[in-house]
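K.L.:
Before I ask anything, let me first share the structure, which is written out below as structure tokens.
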Amino acid sequence: MAIQFTPAQKRAVEHRGCNLLISAGAGSGKTAVLTERIIRMVEEGIPIDKLVVLTFTNAAALEMKSRIRK
């Protein structure tokens with residue numbers, strides 16, 4: 001099932017050319033947005049080892065890693 005992003009989330013997923021800060025409340029979809037952004041960037045040819053992705057919690061980082069590996 002594909003995630004339906006809000007217009008703001010979709011802009012964050014698709015924006016390129018500069019660094020991006022994703023800041024929002026708990027349960028707002030930050031992990032999903034960052035995960036989708038990373039997947040698309042890698043699919044576009046950006047080496048994953050050239051990306052710096054920071055999360056507030058280890059749990060969020062582990063969740064993103066798991067989703068990206070799938």
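Naming works like this for the structure tokens: A, B, ... for the chains as they're shown, residue 1 at the start of each chain, ligands 1 onward in shown order.
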Going by DSSP on the backbone, which residues of chain A come out as helix (DSSP H, G or I)? List them as a PyMOL selection string.
P.N.:
chain A and resi 7-14+30-43+48-50+58-69
K.L.:
I'd like the neighbourhood of Leu51 of chain A as a list in words, where a residue qualifies if any of its atoms comes within 10 Å (using only C-alpha atoms), though same-chain residues fewer than 6 positions away should be ignored.
P.N.:
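The residues that qualify are Ile38, Met41 and Val42 of chain A.
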K.L.:
For the selection just defined, write its residues with C-alpha atoms to a file, as a short mmCIF file (atom, residue, chain, number, x, y, z; two decimals), in the first residue's frame.
P.N.:
```cif
data_model
loop_
_atom_site.label_atom_id
_atom_site.label_comp_id
_atom_site.auth_asym_id
_atom_site.auth_seq_id
_atom_site.Cartn_x
_atom_site.Cartn_y
_atom_site.Cartn_z
CA ILE A 38 16.24 8.62 0.86
CA MET A 41 17.50 9.86 -3.94
CA VAL A 42 19.27 6.49 -4.12
#
```
K.L.:
Considering only C-alpha atoms, state which residue in the set A:Pro7, A:Val13, A:Ala60, A:Arg69 is at the smallest distance from Glu36 of chain A.
P.N.:
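Among the listed residues, A:Val13 lies closest to Glu36 of chain A.
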K.L.:
Between atom CA of Gly25 of chain A and atom CA of Lys50 of chain A, measure the distance and give it in Å to one decimal.
P.N.:
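Taking atom CA of Gly25 of chain A and atom CA of Lys50 of chain A, their separation equals 27.3 Å.
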K.L.:
When you draw a straight line from atom CA of Met64 of chain A to atom CA of Thr31 of chain A, how long is it in Å?
P.N.:
6.5 Å
K.L.:
Please indicate the distance in Å from atom CA of Lys70 of chain A to atom CA of Cys18 of chain A, rounded to one decimal place.
P.N.:
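Distance between the two atoms: 26.4 Å.
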K.L.:
Counting only C-alpha atoms, what is within 12 Å of Gln4 of chain A, bar same-chain residues fewer than 4 positions away, as a list in words?
P.N.:
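Surrounding residues, per the criterion: Ala8, Gln9, Lys10, Val13, Gly29, Ala32, Val33 and Glu36 of chain A.
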K.L.:
With C-alpha atoms retained, write the just-selected residues as a tab-separated table (two decimals), in the first residue's frame.
P.N.:
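Once everything was written out, this is result34.tsv:
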```
chain	number	residue	atom	x	y	z
A	8	ALA	CA	3.87	19.61	2.41
A	9	GLN	CA	5.21	16.07	2.90
A	10	LYS	CA	5.30	15.52	-0.86
A	13	VAL	CA	10.12	14.09	-0.38
A	29	GLY	CA	5.06	11.04	9.36
A	32	ALA	CA	8.02	7.98	6.40
A	33	VAL	CA	8.93	11.23	4.64
A	36	GLU	CA	10.83	7.91	1.02
```
K.L.:
Ranking A:Asn58, A:Arg40, A:Ser28, A:Thr35 by minimum distance to Arg16 of chain A and counting only C-alpha atoms, which one comes first?
P.N.:
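So, comparing all the options, the nearest one is A:Arg40.
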